[in-house]
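K.L.:
My structure is stored as structure04.csv, with CSV, C-alpha atoms.
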chain,number,residue,atom,x,y,z
A,526,GLY,CA,-3.3,-44.6,40.6
A,527,MET,CA,-2.1,-43.7,37.1
A,528,ALA,CA,1.6,-43.9,36.5
A,529,ARG,CA,3.3,-40.6,36.1
A,530,PRO,CA,5.0,-40.0,32.7
A,531,GLN,CA,8.8,-40.5,33.0
A,532,ALA,CA,10.8,-37.3,32.8
A,533,PRO,CA,13.4,-37.2,29.9
A,534,PRO,CA,17.1,-37.8,31.0
A,535,ARG,CA,18.9,-34.7,32.2
A,536,TRP,CA,21.5,-34.8,29.4
A,537,LYS,CA,18.6,-34.7,26.8
A,538,ILE,CA,17.1,-31.6,28.5
A,539,MET,CA,20.5,-29.9,28.6
A,540,TRP,CA,21.2,-30.8,24.9
A,541,TRP,CA,17.8,-29.3,23.7
A,542,THR,CA,18.4,-26.2,25.9
A,543,PHE,CA,21.9,-25.7,24.4
A,544,LEU,CA,20.5,-26.3,20.9
A,545,ASP,CA,17.7,-23.8,21.4
A,546,ILE,CA,20.1,-21.1,22.7
A,547,PHE,CA,22.6,-21.8,19.9
A,548,LEU,CA,20.0,-21.6,17.1
A,549,THR,CA,18.4,-18.4,18.6
A,550,ASN,CA,21.8,-16.6,18.7
A,551,PHE,CA,22.9,-18.0,15.3
A,552,LEU,CA,19.7,-16.6,13.7
A,553,LYS,CA,20.2,-13.2,15.4
A,554,CYS,CA,23.8,-13.0,14.1
A,555,PHE,CA,22.6,-14.1,10.6
A,556,ASP,CA,20.0,-11.3,10.6
A,557,LYS,CA,22.6,-8.8,11.6
A,558,PHE,CA,24.9,-10.1,8.9
A,559,LEU,CA,22.2,-9.7,6.3
A,560,ARG,CA,21.6,-6.1,7.5
A,561,VAL,CA,25.3,-5.3,7.1
A,562,VAL,CA,26.0,-7.2,3.9
A,563,GLY,CA,22.9,-5.9,2.0
A,564,PRO,CA,24.5,-2.6,0.7
A,565,VAL,CA,27.6,-4.6,-0.4
A,566,PHE,CA,25.4,-7.0,-2.5
A,567,VAL,CA,23.6,-4.0,-4.0
A,568,CYS,CA,26.8,-2.2,-5.0
A,569,PHE,CA,28.2,-5.5,-6.4
A,570,ALA,CA,25.0,-6.1,-8.5
A,571,ILE,CA,25.1,-2.5,-9.9
A,572,VAL,CA,28.8,-2.8,-10.9
A,573,LEU,CA,28.1,-6.2,-12.6
A,574,ILE,CA,25.1,-4.9,-14.6
A,575,SER,CA,26.9,-1.6,-15.5
A,576,GLY,CA,29.9,-3.6,-16.7
A,577,VAL,CA,27.9,-5.7,-19.0
A,578,VAL,CA,26.0,-2.7,-20.4
A,579,TYR,CA,29.3,-0.8,-21.0
A,580,SER,CA,31.0,-3.8,-22.7
A,581,TRP,CA,27.9,-4.2,-25.0
A,582,PHE,CA,27.8,-0.6,-26.1
A,583,GLU,CA,31.6,-0.4,-26.5
A,584,PHE,CA,32.6,-3.7,-28.1
A,585,VAL,CA,29.4,-5.6,-29.3
A,586,LEU,CA,27.3,-2.8,-30.9
A,587,PRO,CA,30.0,-1.6,-33.4
A,588,VAL,CA,30.5,-5.2,-34.6
A,589,ILE,CA,26.8,-6.0,-35.2
A,590,ALA,CA,25.7,-2.8,-36.9
A,591,PRO,CA,27.4,0.1,-38.8
A,592,PRO,CA,27.4,3.2,-36.6
A,593,GLY,CA,24.6,5.6,-37.6
A,594,SER,CA,22.6,3.0,-39.6
A,595,ILE,CA,18.9,2.3,-39.0
A,596,LEU,CA,19.8,-1.1,-37.5
A,597,TRP,CA,22.3,0.5,-35.2
A,598,THR,CA,19.5,2.9,-34.0
A,599,ILE,CA,17.1,0.1,-33.4
A,600,TYR,CA,19.6,-1.9,-31.4
A,601,ILE,CA,20.4,1.2,-29.3
A,602,ILE,CA,16.7,2.0,-28.6
A,603,ILE,CA,16.0,-1.6,-27.4
A,604,ALA,CA,19.2,-1.7,-25.3
A,605,ALA,CA,18.4,1.7,-23.7
A,606,TRP,CA,14.8,0.7,-22.9
A,607,LEU,CA,15.9,-2.6,-21.3
A,608,THR,CA,18.7,-0.9,-19.3
A,609,PHE,CA,16.4,1.9,-18.1
A,610,ASN,CA,13.8,-0.6,-16.9
A,611,VAL,CA,16.4,-2.8,-15.2
A,612,PHE,CA,17.8,0.1,-13.2
A,613,TRP,CA,14.4,1.8,-12.6
A,614,ASN,CA,12.8,-1.3,-11.1
A,615,TYR,CA,16.0,-2.3,-9.2
A,616,LEU,CA,16.4,1.1,-7.5
A,617,SER,CA,12.6,1.4,-6.9
A,618,THR,CA,12.7,-2.0,-5.1
A,619,ILE,CA,15.6,-0.9,-3.0
A,620,LEU,CA,14.3,2.6,-2.1
A,621,THR,CA,10.5,1.8,-1.7
A,622,PRO,CA,9.5,0.8,1.8
A,623,PRO,CA,7.8,-2.6,1.4
A,624,GLY,CA,4.7,-1.5,3.4
A,625,ASP,CA,4.4,-0.9,7.2
A,626,VAL,CA,1.3,-1.8,9.1
A,627,PRO,CA,-0.8,1.4,9.7
A,628,HIS,CA,-0.4,2.8,13.3
A,629,ASP,CA,-4.2,2.9,13.7
A,630,TYR,CA,-4.8,-0.6,12.3
A,631,GLN,CA,-7.5,-2.5,14.2
A,632,ASP,CA,-8.4,-6.1,13.6
A,633,PRO,CA,-11.8,-5.8,11.8
A,634,GLN,CA,-13.2,-9.1,13.1
A,635,PRO,CA,-16.1,-8.4,15.5
A,636,ARG,CA,-15.5,-9.8,19.0
A,637,ASP,CA,-16.7,-9.1,22.5
A,638,LEU,CA,-14.3,-8.1,25.3
A,639,GLU,CA,-14.2,-11.7,26.7
A,640,SER,CA,-12.9,-13.1,23.4
A,641,GLN,CA,-10.2,-10.4,23.1
A,642,VAL,CA,-7.9,-12.5,25.3
A,643,ASP,CA,-7.9,-15.3,22.8
A,644,MET,CA,-7.1,-13.0,19.8
A,645,HIS,CA,-3.4,-14.0,20.2
A,646,GLU,CA,-4.3,-17.4,18.9
A,647,GLU,CA,-6.9,-16.5,16.3
A,648,LYS,CA,-6.0,-17.0,12.6
A,649,HIS,CA,-6.7,-15.4,9.3
A,650,PRO,CA,-8.6,-17.3,6.5
A,651,ASP,CA,-5.2,-18.6,5.2
A,652,GLY,CA,-4.3,-20.2,8.6
A,653,PHE,CA,-1.7,-17.6,9.7
A,654,LYS,CA,-2.1,-15.9,13.1
A,655,ARG,CA,-3.7,-12.5,13.5
A,656,TRP,CA,-1.3,-11.4,16.3
A,657,CYS,CA,2.4,-10.5,16.1
A,658,LYS,CA,4.3,-11.6,19.2
A,659,LYS,CA,7.3,-9.5,18.4
A,660,CYS,CA,5.5,-6.2,17.6
A,661,ARG,CA,2.7,-7.0,20.1
A,662,LYS,CA,0.2,-5.7,17.6
A,663,PRO,CA,-2.6,-7.2,15.4
A,664,LYS,CA,-1.4,-8.3,12.0
A,665,PRO,CA,-3.4,-7.7,8.9
A,666,PRO,CA,-4.0,-10.6,6.5
A,667,ARG,CA,-0.8,-11.8,4.6
A,668,THR,CA,1.4,-9.7,6.9
A,669,HIS,CA,4.5,-11.3,8.4
A,670,HIS,CA,7.3,-10.1,10.8
A,671,CYS,CA,10.7,-9.7,9.2
A,672,SER,CA,13.5,-10.4,11.7
A,673,VAL,CA,16.1,-8.6,9.6
A,674,CYS,CA,14.0,-5.4,9.2
A,675,ARG,CA,12.7,-5.9,12.8
A,676,LYS,CA,9.1,-5.0,11.8
A,677,CYS,CA,5.9,-6.4,10.3
A,678,VAL,CA,5.7,-6.1,6.5
A,679,LEU,CA,2.4,-6.0,4.6
A,680,LYS,CA,2.0,-9.0,2.2
A,681,MET,CA,5.6,-10.0,2.8
A,682,ASP,CA,7.2,-12.3,0.3
A,683,HIS,CA,10.8,-12.5,1.6
A,684,HIS,CA,13.8,-10.5,2.7
A,685,CYS,CA,16.2,-10.1,-0.2
A,686,PRO,CA,19.9,-9.3,0.4
A,687,TRP,CA,20.3,-8.3,-3.3
A,688,VAL,CA,18.0,-5.3,-2.7
A,689,SER,CA,18.9,-4.8,0.9
A,690,ASN,CA,15.2,-4.7,1.7
A,691,CYS,CA,12.1,-6.7,2.3
A,692,VAL,CA,10.0,-7.5,-0.7
A,693,GLY,CA,6.4,-6.8,0.2
A,694,TRP,CA,3.1,-5.2,-0.8
A,695,LYS,CA,4.5,-1.8,-2.1
A,696,ASN,CA,7.6,-3.1,-3.9
A,697,TYR,CA,6.8,-6.6,-5.1
A,698,ARG,CA,5.7,-5.3,-8.5
A,699,THR,CA,9.0,-3.6,-9.2
A,700,PHE,CA,10.9,-6.6,-7.8
A,701,PHE,CA,9.0,-8.9,-10.3
A,702,LEU,CA,9.6,-6.5,-13.2
A,703,PHE,CA,13.3,-6.1,-12.3
A,704,MET,CA,13.7,-9.9,-12.7
A,705,ALA,CA,11.7,-9.9,-15.9
A,706,TYR,CA,13.7,-7.1,-17.6
A,707,LEU,CA,17.0,-8.5,-16.3
A,708,TRP,CA,16.2,-11.9,-17.8
A,709,VAL,CA,15.1,-10.4,-21.2
A,710,GLY,CA,18.2,-8.1,-21.0
A,711,CYS,CA,20.5,-11.2,-20.5
A,712,LEU,CA,18.9,-12.9,-23.5
A,713,TYR,CA,19.4,-9.8,-25.6
A,714,VAL,CA,23.1,-9.5,-24.7
A,715,MET,CA,23.5,-13.2,-25.5
A,716,ALA,CA,21.6,-13.1,-28.8
A,717,THR,CA,23.5,-10.0,-30.1
A,718,SER,CA,27.0,-10.9,-28.8
A,719,ALA,CA,26.8,-14.6,-29.7
A,720,PRO,CA,28.3,-14.2,-33.3
A,721,THR,CA,31.2,-12.2,-31.8
A,722,PHE,CA,31.7,-14.6,-28.9
A,723,PHE,CA,31.7,-17.7,-31.1
A,724,HIS,CA,34.0,-16.0,-33.7
A,725,HIS,CA,36.5,-15.3,-30.9
A,726,ILE,CA,36.2,-18.9,-29.6
A,727,ARG,CA,36.8,-20.3,-33.1
A,728,LEU,CA,39.8,-18.1,-33.7
A,729,ARG,CA,41.2,-19.1,-30.3
A,730,LEU,CA,40.9,-22.8,-31.1
A,731,HIS,CA,42.2,-22.4,-34.6
A,732,HIS,CA,45.4,-20.5,-33.4
A,733,ARG,CA,46.0,-22.6,-30.3
A,734,PRO,CA,49.3,-24.1,-31.6
A,735,TYR,CA,50.9,-20.6,-32.0
A,736,PRO,CA,52.3,-19.3,-28.7
A,737,ASP,CA,52.4,-15.7,-30.0
A,738,LEU,CA,48.6,-15.6,-30.4
A,739,ARG,CA,47.6,-16.4,-26.8
A,740,GLY,CA,46.6,-12.9,-26.0
A,741,PRO,CA,43.3,-11.2,-26.8
A,742,ILE,CA,42.4,-11.4,-30.6
A,743,THR,CA,40.7,-7.9,-30.5
A,744,PRO,CA,40.8,-5.2,-27.8
A,745,GLY,CA,37.3,-6.2,-26.6
A,746,HIS,CA,37.8,-9.9,-26.6
A,747,ALA,CA,37.9,-10.4,-22.8
A,748,TYR,CA,34.9,-8.1,-22.3
A,749,VAL,CA,32.7,-9.9,-24.8
A,750,VAL,CA,33.6,-13.3,-23.5
A,751,MET,CA,33.1,-12.2,-19.9
A,752,SER,CA,29.7,-10.5,-20.7
A,753,PHE,CA,28.4,-13.5,-22.6
A,754,ILE,CA,29.3,-16.0,-19.9
A,755,LEU,CA,27.9,-13.7,-17.2
A,756,ALA,CA,24.7,-13.0,-19.1
A,757,PHE,CA,24.3,-16.8,-19.7
A,758,SER,CA,24.8,-17.6,-16.0
A,759,VAL,CA,22.5,-14.9,-14.8
A,760,SER,CA,19.8,-15.7,-17.4
A,761,ILE,CA,19.6,-19.3,-16.0
A,762,ALA,CA,19.5,-18.2,-12.3
A,763,VAL,CA,17.1,-15.3,-12.8
A,764,GLY,CA,15.0,-17.3,-15.3
A,765,MET,CA,14.4,-20.0,-12.7
A,766,LEU,CA,13.5,-17.4,-10.0
A,767,LEU,CA,11.3,-15.5,-12.4
A,768,GLY,CA,9.4,-18.7,-13.4
A,769,TRP,CA,8.9,-19.4,-9.7
A,770,HIS,CA,7.4,-16.0,-9.1
A,771,VAL,CA,5.2,-16.2,-12.3
A,772,TYR,CA,3.7,-19.3,-10.6
A,773,LEU,CA,3.3,-17.5,-7.3
A,774,VAL,CA,1.6,-14.5,-8.9
A,775,ALA,CA,-0.8,-16.6,-10.9
A,776,THR,CA,-1.8,-18.7,-7.9
A,777,ALA,CA,-2.0,-15.7,-5.4
A,778,GLN,CA,0.8,-16.8,-3.1
A,779,THR,CA,3.9,-15.3,-1.6
A,780,THR,CA,7.0,-17.3,-0.9
A,781,ILE,CA,6.1,-17.5,2.8
A,782,GLU,CA,2.5,-18.4,2.1
A,783,TRP,CA,3.6,-21.2,-0.3
A,784,TYR,CA,5.4,-23.1,2.5
A,785,GLY,CA,2.3,-22.8,4.8
A,786,ASN,CA,-0.1,-23.6,2.0
A,787,ARG,CA,1.8,-26.8,1.1
A,788,MET,CA,1.7,-28.0,4.7
A,789,ARG,CA,-2.0,-27.2,5.1
A,790,GLY,CA,-2.7,-28.9,1.7
A,791,GLU,CA,-1.0,-32.1,2.9
A,792,GLN,CA,-3.0,-32.0,6.2
A,793,ALA,CA,-6.3,-31.5,4.4
A,794,LYS,CA,-5.4,-34.4,2.0
A,795,LYS,CA,-4.8,-36.7,5.0
A,796,ARG,CA,-8.3,-35.8,6.3
A,797,GLY,CA,-9.8,-36.5,2.9
A,798,GLU,CA,-10.6,-32.8,2.3
A,799,LYS,CA,-9.8,-30.5,-0.6
A,800,TRP,CA,-7.7,-27.5,0.4
A,801,VAL,CA,-8.3,-24.1,-1.2
A,802,ASN,CA,-6.0,-21.1,-1.1
A,803,GLN,CA,-8.3,-18.3,0.2
A,804,TRP,CA,-6.5,-15.5,-1.7
A,805,ASP,CA,-6.8,-17.2,-5.1
A,806,VAL,CA,-9.5,-15.3,-7.1
A,807,GLY,CA,-8.4,-16.6,-10.6
A,808,TRP,CA,-5.1,-16.2,-12.4
A,809,LEU,CA,-6.1,-13.0,-14.3
A,810,GLU,CA,-7.3,-11.1,-11.2
A,811,ASN,CA,-4.4,-12.4,-9.2
A,812,THR,CA,-1.9,-11.1,-11.8
A,813,ALA,CA,-3.8,-7.7,-12.0
A,814,LEU,CA,-3.6,-7.2,-8.3
A,815,VAL,CA,0.2,-7.6,-8.4
A,816,LEU,CA,1.2,-5.9,-11.7
A,817,GLY,CA,-1.7,-3.5,-11.8
A,818,SER,CA,-2.0,-0.2,-9.9
A,819,THR,CA,-4.5,2.4,-8.8
A,820,PRO,CA,-7.0,3.4,-10.0
A,821,ASP,CA,-7.6,0.4,-12.4
A,822,PRO,CA,-5.5,-2.7,-11.9
A,823,PHE,CA,-6.8,-4.2,-15.1
A,824,ALA,CA,-5.3,-1.5,-17.3
A,825,VAL,CA,-2.8,-3.9,-18.9
A,826,ALA,CA,-1.0,-1.0,-20.7
A,827,TRP,CA,0.4,0.0,-17.3
A,828,TRP,CA,1.6,-3.4,-16.2
A,829,PHE,CA,5.1,-3.4,-17.7
A,830,VAL,CA,6.0,0.4,-17.8
A,831,PRO,CA,7.7,2.5,-15.2
A,832,THR,CA,5.2,4.2,-12.9
A,833,LEU,CA,5.0,5.9,-9.5
A,834,ARG,CA,1.4,4.7,-9.0
A,835,LEU,CA,0.7,2.8,-5.8
A,836,PRO,CA,-0.5,-0.9,-5.8
A,837,TYR,CA,-4.2,-1.4,-5.8
A,838,GLY,CA,-5.9,-1.4,-2.4
A,839,ASP,CA,-4.3,-0.6,1.0
A,840,GLY,CA,-2.3,-3.8,1.7
A,841,THR,CA,-4.5,-4.8,4.7
A,842,VAL,CA,-7.7,-6.0,3.0
A,843,PHE,CA,-7.8,-8.8,0.3
A,844,LYS,CA,-10.6,-10.3,-1.6
A,845,THR,CA,-11.0,-14.0,-0.7
A,846,HIS,CA,-11.9,-17.1,-2.7
A,847,SER,CA,-15.0,-17.6,-0.6
A,848,GLN,CA,-16.2,-14.0,-1.4
A,849,MET,CA,-15.6,-14.6,-5.1
A,850,VAL,CA,-17.6,-17.8,-5.1
A,851,ALA,CA,-20.4,-16.1,-3.2
A,852,MET,CA,-20.5,-13.2,-5.7
A,853,ARG,CA,-20.6,-15.6,-8.6
A,854,SER,CA,-23.4,-17.7,-7.1
A,855,ALA,CA,-25.3,-14.5,-6.3
A,856,ALA,CA,-24.8,-13.2,-9.9
A,857,GLY,CA,-25.9,-16.6,-11.2
A,858,SER,CA,-29.1,-16.7,-9.1
A,859,ASP,CA,-30.0,-13.1,-10.1
A,860,GLY,CA,-29.6,-14.2,-13.8
A,861,ARG,CA,-31.8,-17.2,-13.2
A,862,ASP,CA,-34.4,-15.1,-11.4
A,863,ARG,CA,-34.6,-12.7,-14.3
A,864,GLU,CA,-35.0,-15.6,-16.7
A,865,ALA,CA,-37.7,-17.2,-14.6
A,866,LYS,CA,-39.8,-14.1,-14.3
A,867,PRO,CA,-42.1,-13.7,-17.4
A,868,ASP,CA,-42.5,-10.2,-18.9
A,869,VAL,CA,-45.8,-8.8,-17.8
A,870,ASP,CA,-47.4,-5.9,-19.6
A,871,VAL,CA,-49.1,-3.6,-17.2
In structure tokens, write the structure found in this file.
P.N.:
Amino acid sequence: GMARPQAPPRWKIMWWTFLDIFLTNFLKCFDKFLRVVGPVFVCFAIVLISGVVYSWFEFVLPVIAPPGSILWTIYIIIAAWLTFNVFWNYLSTILTPPGDVPHDYQDPQPRDLESQVDMHEEKHPDGFKRWCKKCRKPKPPRTHHCSVCRKCVLKMDHHCPWVSNCVGWKNYRTFFLFMAYLWVGCLYVMATSAPTFFHHIRLRLHHRPYPDLRGPITPGHAYVVMSFILAFSVSIAVGMLLGWHVYLVATAQTTIEWYGNRMRGEQAKKRGEKWVNQWDVGWLENTALVLGSTPDPFAVAWWFVPTLRLPYGDGTVFKTHSQMVAMRSAAGSDGRDREAKPDVDV
């Protein structure tokens, strides 16, 4: 008869069991840590941003423009607009629920009762499963379970400790705009405070031999230096993150989907096939579906302004690449049919 496969050594079984238990408990503890530490991160971020804004108004603005002048007014209007948008989008991302799966959600795919058993293994067009083992409920397309929030989140991107919330379908737009305005705000702080900052640095270097001039050169010296260095550091970190999310928005991916898509793309390449992201319907429509809102996502004037409008759609149904291709080919064939039919006078 056939030889039975040899069982792995006992120590190896015990090691893998220990590792599994350890990792499971470690991840549970990490999730709890993120839940607890989230509000601390939020308070820290608000204090840092507020500190930079205060130091700019108090110490940078009086140096770069005479108070009451037209230039002074322009500087204030730009700074106020940027500050308002940073805080509006930040607080909106924190306070807006990312999107819960509707209680009455039913998987729309037609199936008979016999195949209902297999639904737990069925997958959406992007390759992710249709069933959540934790919630024991069907998952809409692009929905994922967040172990920190302990629930399924519509079009989940990631759980962010800096907003103490999940970033998903309902608050991704404000998360994206928060990063965009914060990055522009950092560049604004750097550009306007650079002359003051470098003037202080030059004076410091020039007076280095004199021990009596080691202290601040002007009352706001420490604030200006700290604000410039902080704005510079944050602009690099946020700029990289913003660039990454610009790419994700244009290509219709979330952070979670990107990992899965990369893996599926590599598998398709090995099979000699070309992999296509099913949610990609062209960069312009992809962007409109993120930055746009109801009733018209293509109203570009509303993309970058504060609004209480909801995202377009309901977060459970998304147009697919296949549908877009089918619509285009149908529109093309209709056009060809009209061209082929001669005009007949009756």
K.L.:
Just to confirm, what's the straight-line distance from CA of Cys677 in chain A to CA of Val626 in chain A in Å (one decimal)?
P.N.:
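Computing the Euclidean distance for CA of Cys677 in chain A and CA of Val626 in chain A yields 6.6 Å.
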K.L.:
To one decimal in Å, tell me the separation between CA of His684 in chain A and CA of His649 in chain A.
P.N.:
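A separation of 22.1 Å between them.
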K.L.:
Any idea what's packed within 9 Å of Asn802 in chain A, counting only C-alpha atoms, ignoring anything in its chain fewer than 2 positions away? Could you give it as a PyMOL selection string?
P.N.:
chain A and resi 650-651+776-778+786+790+800+804-805+845-846
K.L.:
Quote the spacing between CA of Trp828 in chain A and CA of Gly710 in chain A in Å to one decimal place.
P.N.:
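Interatomic distance, CA of Trp828 in chain A to CA of Gly710 in chain A: 17.9 Å.
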K.L.:
Which polymer residues, whether protein, DNA or RNA, lie within 12 Å of the coordinate (-1.8, -19.3, 8.6) when you count only C-alpha atoms? List them as a PyMOL selection string, using the chain letters and numbers from the file.
P.N.:
chain A and resi 646-656+664-669+781-790+802-804
K.L.:
Quick one: residues within 12 Å of Thr618 in chain A, all atoms listed in the file, excluding same-chain residues fewer than 5 positions away - as a PDB file with C-alpha atoms, in the frame of the given file?
P.N.:
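For reference, around_25.pdb as written:
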ATOM      1  CA  VAL A 567      23.600  -4.000  -4.000  1.00  0.00           C
ATOM      2  CA  ASN A 610      13.800  -0.600 -16.900  1.00  0.00           C
ATOM      3  CA  VAL A 611      16.400  -2.800 -15.200  1.00  0.00           C
ATOM      4  CA  PHE A 612      17.800   0.100 -13.200  1.00  0.00           C
ATOM      5  CA  TRP A 613      14.400   1.800 -12.600  1.00  0.00           C
ATOM      6  CA  PRO A 623       7.800  -2.600   1.400  1.00  0.00           C
ATOM      7  CA  GLY A 624       4.700  -1.500   3.400  1.00  0.00           C
ATOM      8  CA  HIS A 684      13.800 -10.500   2.700  1.00  0.00           C
ATOM      9  CA  CYS A 685      16.200 -10.100  -0.200  1.00  0.00           C
ATOM     10  CA  PRO A 686      19.900  -9.300   0.400  1.00  0.00           C
ATOM     11  CA  TRP A 687      20.300  -8.300  -3.300  1.00  0.00           C
ATOM     12  CA  VAL A 688      18.000  -5.300  -2.700  1.00  0.00           C
ATOM     13  CA  SER A 689      18.900  -4.800   0.900  1.00  0.00           C
ATOM     14  CA  ASN A 690      15.200  -4.700   1.700  1.00  0.00           C
ATOM     15  CA  CYS A 691      12.100  -6.700   2.300  1.00  0.00           C
ATOM     16  CA  VAL A 692      10.000  -7.500  -0.700  1.00  0.00           C
ATOM     17  CA  GLY A 693       6.400  -6.800   0.200  1.00  0.00           C
ATOM     18  CA  TRP A 694       3.100  -5.200  -0.800  1.00  0.00           C
ATOM     19  CA  LYS A 695       4.500  -1.800  -2.100  1.00  0.00           C
ATOM     20  CA  ASN A 696       7.600  -3.100  -3.900  1.00  0.00           C
ATOM     21  CA  TYR A 697       6.800  -6.600  -5.100  1.00  0.00           C
ATOM     22  CA  ARG A 698       5.700  -5.300  -8.500  1.00  0.00           C
ATOM     23  CA  THR A 699       9.000  -3.600  -9.200  1.00  0.00           C
ATOM     24  CA  PHE A 700      10.900  -6.600  -7.800  1.00  0.00           C
ATOM     25  CA  PHE A 701       9.000  -8.900 -10.300  1.00  0.00           C
ATOM     26  CA  LEU A 702       9.600  -6.500 -13.200  1.00  0.00           C
ATOM     27  CA  PHE A 703      13.300  -6.100 -12.300  1.00  0.00           C
ATOM     28  CA  MET A 704      13.700  -9.900 -12.700  1.00  0.00           C
ATOM     29  CA  LEU A 833       5.000   5.900  -9.500  1.00  0.00           C
TER      30      LEU A 833
END
K.L.:
Point out the residue among A:Ala532, A:Leu730, A:Met751, A:Leu552 with the least atom-to-atom distance to Trp581 in chain A, counting all atoms listed in the file.
P.N.:
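Using all atoms listed in the file, Trp581 in chain A sits closest to A:Met751.
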K.L.:
Between A:Ile595, A:Trp708, A:Leu573, A:Lys557, single out the one closest to Gly768 in chain A, counting only C-alpha atoms.
P.N.:
A:Trp708
K.L.:
Check the smallest atom-to-atom distance from each of A:Lys844, A:Leu707, A:Cys554, A:Val714 to Leu766 in chain A using all atoms listed in the file, then report the winner.
P.N.:
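Looking only at the distances to Leu766 in chain A, the closest residue turns out to be A:Leu707.
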K.L.:
Identify, on the basis of only C-alpha atoms, every residue whose closest approach to Leu755 in chain A does not exceed 9 Å; exclude the query and any residue fewer than 4 positions from it along the same chain; express the result as a ChimeraX atom specification.
P.N.:
/A:573,577,711,750-751,759-760
K.L.:
Here is a test: counting all atoms listed in the file, which residue of A:Trp597, A:Phe584, A:Phe753, A:Trp606 is nearest to Phe829 in chain A?
P.N.:
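Looking at the shortest contact to Phe829 in chain A, the residue is A:Trp606.
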